[in-house]
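Below is one structure; the comments refer to it alone.
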Amino acid sequence: MWDIDRVADELTRRAAERRDGGRITAEWPGLDLARAYSAQDILIQRRAEERAERIVGVKLGLTSEAKQRRMGISAPLTAWVTSGMRLEPGTPLGVASLIHPRVEPEIVFEMGEDLGGPGVTRQAAMAAVKYVRAGLEVIDSRFTDFSFALPDVVADNASAAAFVLGDVVVAPDELDLAAEPCTLSVDRKTVAKATGADVQGHPGEALALAANALGERGHRIEKGTLVLTGGLTDAVFLTPGHTVSAAFERLGSVSLTGC
Ligand code: OOG
Ligand code: MG
């Protein structure tokens, strides 16, 4: 019989053994969104304890049309990022340490104030942001072929695996975030283009959405933590010897090489 503890166990085991598997919702239709978020919290709490990691922020998933179309799910979701997921810029990532990693460009906020829903607007959300940065997120679904229903991917902490931040740090009032362009390339060949507006019209809307959704579950987004606002474009596979780069206009560039 499935329950939320077993869901957290199963997904933790798949990650540790670097193996994907079928949808849990196919075996347990009772895995609804509320239970999936509880399983996500258990999974991340355990991961943090077992690996002596800290939760360092929040990530949003499926906030752009490109991501929603690819995954066949039209609802954004929230999940957690930990200290162990943060990669050192310039250090290649071993593809064999993961299942089938893909990389996507993200706009990342560093929070200057606590932010808690309900009722958070984009304006209030942006007022709580200290810095904006470029990021690349590595996603590595614990489901075969990244095929999942919304509760599956929620329980799987939104496929979170790793992330790296660019070194340019910009105050939020120093750029037009909706207009900020991003080019994703693999080995210098352009594979996708987007702007900040592709994330919920403005990444600040994604931040407000996260604050409000987390508020309903009794969580706040804390000062000093990061918020990954979601892939602006579809993700690309990370492969040994190849480099994925996101080049923004004001936020600079960030790259990750597979090995
Ligand atoms: C789910 C995670 C989505 C994003 O930025 O949209 C995500 C997935 O695509 O596997 O991180
Ligand atoms: Mg992402």
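How things are named: the first chain in the structure tokens is A, the next is B, and so on; residues count from 1 in each chain; ligands count from 1 in the order shown.
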
- Which protein, DNA or RNA residues have an atom within 8 Å of ligand 1, counting only C-alpha atoms and all ligand atoms, as a list in words?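 Within the 8 Å cut-off, the matching residues are Lys59, Leu60, Gly61, Leu62, Thr63, Ser64, Lys67, Gln68, Arg70, Met71, Pro76, Glu104, Glu106, Glu137, Val138, Ile139, Asp140, Ser141, Phe146, Val153, Ala158, Ser159, Ala160, Leu228, Thr229, Gly230, Gly231, Leu232 and Ala235 of chain A.
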
- What are the DSSP helix (DSSP H, G or I) residues of segment 19-254 of chain A, as number ranges by chain? A: 24-27, 33-51, 65-71, 83-85, 95-97, 122-127, 144-146, 150-155, 157-159, 172-174, 196-198, 203-216

- Task: Write out as number ranges by chain which residues come within 12 Å of Asn212 of chain A when counting only C-alpha atoms, dropping same-chain ones fewer than 4 positions away.
- Result: A: 77-78, 115-122, 124-125, 205-208, 216-221

- Query: At what distance in Å, to one decimal, does atom CA of Leu165 of chain A lie from atom CA of Glu88 of chain A?
  - Reply: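 Pair atom CA of Glu88 of chain A / atom CA of Leu165 of chain A returns 8.4 Å.
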
- Counting only C-alpha atoms and all ligand atoms, the residue of A:His242, A:Pro101, A:Met111, A:Asp9 that sits nearest ligand 2: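 Using only C-alpha atoms and all ligand atoms, the shortest distance to ligand 2 belongs to A:Pro101.
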
Considering only strand (DSSP E) as DSSP defines it on the backbone, what residues of segment 150-183 of chain A qualify? List them as a CSV table (one decimal) with all heavy atoms, in the first residue's frame.
chain,number,residue,atom,x,y,z
A,160,ALA,N,14.1,18.5,-9.3
A,160,ALA,CA,15.3,19.3,-8.9
A,160,ALA,C,16.5,18.4,-8.8
A,160,ALA,O,16.4,17.3,-8.2
A,160,ALA,CB,15.0,20.1,-7.6
A,161,ALA,N,17.6,18.9,-9.3
A,161,ALA,CA,18.9,18.1,-9.1
A,161,ALA,C,20.0,19.0,-8.7
A,161,ALA,O,20.8,18.8,-7.8
A,161,ALA,CB,19.2,17.4,-10.4
A,162,ALA,N,20.2,20.2,-9.5
A,162,ALA,CA,21.3,21.0,-9.2
A,162,ALA,C,21.0,22.4,-9.9
A,162,ALA,O,20.1,22.5,-10.7
A,162,ALA,CB,22.6,20.4,-9.8
A,163,PHE,N,21.8,23.4,-9.5
A,163,PHE,CA,21.7,24.7,-10.2
A,163,PHE,C,23.1,25.4,-10.0
A,163,PHE,O,23.8,25.1,-9.1
A,163,PHE,CB,20.6,25.5,-9.6
A,163,PHE,CG,20.8,25.9,-8.2
A,163,PHE,CD1,21.3,27.2,-7.9
A,163,PHE,CD2,20.4,25.1,-7.1
A,163,PHE,CE1,21.4,27.6,-6.5
A,163,PHE,CE2,20.6,25.5,-5.8
A,163,PHE,CZ,21.1,26.7,-5.5
A,164,VAL,N,23.3,26.3,-10.9
A,164,VAL,CA,24.5,27.2,-10.9
A,164,VAL,C,24.0,28.6,-11.2
A,164,VAL,O,23.1,28.8,-12.0
A,164,VAL,CB,25.6,26.6,-11.9
A,164,VAL,CG1,25.1,26.6,-13.3
A,164,VAL,CG2,26.8,27.5,-11.7
A,165,LEU,N,24.6,29.6,-10.5
A,165,LEU,CA,24.3,31.0,-10.7
A,165,LEU,C,25.4,31.7,-11.4
A,165,LEU,O,26.6,31.4,-11.3
A,165,LEU,CB,24.1,31.6,-9.3
A,165,LEU,CG,23.0,31.1,-8.4
A,165,LEU,CD1,22.8,31.9,-7.2
A,165,LEU,CD2,21.6,31.1,-9.2
A,181,PRO,N,16.3,39.8,-22.4
A,181,PRO,CA,16.4,38.7,-23.3
A,181,PRO,C,17.3,37.6,-22.8
A,181,PRO,O,18.3,37.9,-22.1
A,181,PRO,CB,16.9,39.3,-24.6
A,181,PRO,CG,17.5,40.6,-24.2
A,181,PRO,CD,17.1,41.0,-22.8
A,182,CYS,N,17.0,36.4,-23.2
A,182,CYS,CA,17.9,35.2,-22.9
A,182,CYS,C,18.0,34.3,-24.1
A,182,CYS,O,17.1,34.0,-24.8
A,182,CYS,CB,17.2,34.4,-21.8
A,182,CYS,SG,17.9,32.8,-21.4
A,183,THR,N,19.3,34.0,-24.3
A,183,THR,CA,19.6,33.0,-25.4
A,183,THR,C,20.2,31.8,-24.8
A,183,THR,O,21.2,31.9,-24.1
A,183,THR,CB,20.6,33.7,-26.5
A,183,THR,OG1,20.0,34.9,-27.0
A,183,THR,CG2,20.9,32.7,-27.6

- Item | Residue contacts of segment 191-196 of chain A (7 Å, only C-alpha atoms) excluding same-chain residues fewer than 5 positions away, as a ChimeraX atom specification | /A:177-186,202-203,232-233

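If only C-alpha atoms are the atoms counted, then among A:Cys259, A:Val103, A:Ala34, A:Leu226 the closest residue to Pro240 of chain A is A:Cys259.
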
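Take the candidates A:Tyr37, A:Phe143, A:Tyr131, A:Trp80 and check each one against Glu10 of chain A using only C-alpha atoms; the shortest distance goes to A:Phe143.
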
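In this comparison, which uses only C-alpha atoms and all ligand atoms, the residue of A:Ala79, A:Ile42, A:Ala96, A:Ala197 approaching ligand 2 most closely is A:Ala79.
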
- Message: Between A:Gly166, A:Gly204, A:Pro105, A:Gly224, which residue has the minimum interatomic distance to ligand 2, considering only C-alpha atoms and all ligand atoms?
- Response: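 Closest to ligand 2, using only C-alpha atoms and all ligand atoms: A:Pro105.
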
- atom CA of Leu98 of chain A to atom CA of Ser255 of chain A, straight-line distance in Å: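 Computing the Euclidean distance for atom CA of Ser255 of chain A and atom CA of Leu98 of chain A yields 18.1 Å.
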
- Task: Counting only C-alpha atoms and all ligand atoms, figure out which residue out of A:Ala15, A:Val132, A:Val227, A:Leu87 gets nearest to ligand 2.
- Result: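 Looking at the shortest contact to ligand 2, the residue is A:Val227.
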
- Atomic distance atom CA of Arg69 of chain A - atom CA of Val236 of chain A, expressed in Å with one decimal: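 Rounded to one decimal, the two atoms are 14.5 Å apart.
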